[in-house]
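One structure is given here, and the rest of the page talks about it.
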Amino acid sequence: MTLMRATSVTPLAPPEDPPAASRREQRREARASRPRSPGRMRGQRIGYLYVLPFFLVFGAFSIYPWLDTAWVSLHEVRLSTYDQQTWVGLGNYRDIFTNPFFWNAFRNTVTIGVISTVPQLCMALGIAHLLNYRLRGRTFFRVAILMPYATSLAAATVIFLELFDTKLGLVNWFLHVVHLPAVDWQGSKWPAQIAVSTIVTWRWTGYNTLIYLAGMQSIDSTLYEAAAVDGAGRWRQFVHVTLPGLRPTILFTIVVSTIGATQLFGEPLLYHNGKADGGTVGQYQTLGVLMYQQGWVNDRLGLASATAWTMFVIIVVAVAANLLFVRYRTRGALR
Amino acid sequence: MTLLTDAAPKVRARRPRDGAGKQRDGSRVTYLLVAVVTLVSVFPLYYTVVMASHTNAEMSSATPPWLPSTSFFGNVKKALELAPLNHGLLNSLIVSGAITAATVALCTLAGFAFAKLRFRGSAMLLGFCIATMMVPMQMGIIPLYMMMARLGLAGHLGAVILPMLCTAFGVFFMRQYISSAVPDELIEAGHIDGASSLRIFWSIVVPAVRPAMAVLAMLTFLTSWNDFFWPIIVLSSQNPTVQVSFQSLATGYAPQQSIIMAGTLYGTIPVLVVFGLLGRQIVGGIMEGAVKG
């Protein structure tokens, strides 16, 4: 039943009805006059058949839910009685933007996003530079730095929860050894957010390192030779050859990290022992956690849907801002 | 996400292989720094082994131990009483296996069409696919949850498998690989010989892109094995994936550090072993994907 509805909503399902005969005629003429690129097959429409299975599944379980979330966000819906939806218009959105919890979650998402992404990408760049030297056992090093990526976020969070334990954790033991005061890595705001960011950084630095390393290895080596002839030292080669060569790669990782940081959910939830209340001083309340709390703890699915759509808009704005900034910078550099 | 498509034409068919003369030798300092980085990466996992193999009393001593000890199996036994880890491991294997098989099949088919077949709107559809990578996972789960409840699947593995059967990333990944790895001439030749497009797909494209299918399979398996958000919403602690079962470990009454760590390690070992065996291929796959993407 739902499936049927889903596919009919999908705007991407290929058209079932053949287009009007006259239009088909026109197109055939256009096609005949257009030079055909070699290797491409005739019988164009067969292509729809190959993408159909993908778009059926994708439409039913991705696109349809996204659109339905928008619809639900205009209603008051409860978990137990999800078939009874009461129209509230934009009421849920008004609730969100006047709610201090939302703004707290928004600020936390930004701060945790910055302290988990910026050091992560900078370190990844540095490590990639190191791994770009000819090293004995380089495969071993590459696999080793990717181990955290293979560790699930649930396992990683449990592990770091023990390392950051206020009484028994290794981190505070180390601080004690170097005669620094113990830090409350759970209860106070900044330490807790730094701990959560550490988990993210630990898991993703290796992955981004490999992306940068791949980018570095595709930079034309004659550029380095030319720079060396011009008397550029290693640092200047890095700044004037490596970094410009990596520009698209860096942009790619920034965009992907931005998307990931906006959805941050599992780490703060599990680091707070699976509780969705956001912590005593709201330190764990990211947008993802807030959305989960609204939907599954406070039983307000409409409100949670509105938060989800707001997150999407935030991602689109953030990605667009990244792209515009880079374009602006590039133009500035060319001038 | 336009950068993905912008970067695509820059793929060089013959990239110089690693260490093919252009790289400088690493100095001692390089080795030292790389060793430190490797240690930091691996240390939390190593220390998990240390914590998991001591009793709780030993871990609470003033100077924490640095070497593994002998209590691991005893701790695992206690952890298994607290959380259904074995059940979780089996469920994760079923879920990830099904998702991986479906994703590779559907994404290879669609990737082939986007790379080598010309049909109206294909560029638009592909662009749409790429743009959807910006959608946060939060945006679909409420209708999905209702859908699974209506289908009577809430709490069942099917509810975890169905929504993950394919990814936009997979389509894009396969499309990029097929575009560059399968020469147009080969397909044209098959065409001249009168092979149908399905025959061309099966006998020419699939053999040529098997390495990419393997990489996509590994990445998909890893991602779905480690997925947490959707399983925790739709599954209960009675029928969990291994990630969900970790939660019962930590939230049991009187949680004990060593037992939690032993349980976590026990649930993570399978994927770490697989990673140890296939790590080289996974590294290669991520780097290939980076250059192609």
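Identifiers for the structure tokens are assigned positionally: chains receive A, B, ... in sequence, residues are indexed from 1 per chain, and ligands are indexed from 1 in the order shown.
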Subject >> 6 Å contacts from chain A to chain B using only C-alpha atoms, as a PyMOL selection string >> reply: chain A and resi 39-41+44-45+47+50-51+54+61+65-66+133-135+143+145+152+155+210-211+214+308+312
Subject >> Contacts of Asn92 in chain A at 7 Å (only C-alpha atoms; same-chain gap of 4+ positions) as a ChimeraX atom specification >> reply: /A:73-74,96,302-303,306
Just to be explicit: take each residue in the selection above, keep C-alpha atoms, and write the result as a PDB file, in the first residue's frame.
ATOM      1  CA  SER A  73       6.203  18.885   9.608  1.00  0.00           C
ATOM      2  CA  LEU A  74       3.016  20.847   8.941  1.00  0.00           C
ATOM      3  CA  ILE A  96      11.373  25.826  16.619  1.00  0.00           C
ATOM      4  CA  GLY A 302       5.638  16.995  13.510  1.00  0.00           C
ATOM      5  CA  LEU A 303       8.059  19.155  15.421  1.00  0.00           C
ATOM      6  CA  ALA A 306      10.297  20.465  11.058  1.00  0.00           C
TER       7      ALA A 306
END
Write out as CSV a residue-level contact list of range 56-163 of chain A versus range 215-235 of chain A with cut-off 10 Å: for each qualifying residue the closest pair of atoms and the distance in Å to one decimal, counting only C-alpha atoms, rows sorted by chain and residue number upward.
residue,atom,partner,partner_atom,distance
A:Leu125,CA,A:Met216,CA,9.8
A:Ala128,CA,A:Met216,CA,8.0
A:His129,CA,A:Met216,CA,7.9
A:Asn132,CA,A:Met216,CA,7.4
Subject >> Per-residue DSSP, range 60-298 of chain A, filtered to strand (DSSP E or B), as an NGL selection string >> reply: :A and (75-76 or 86-87 or 134)
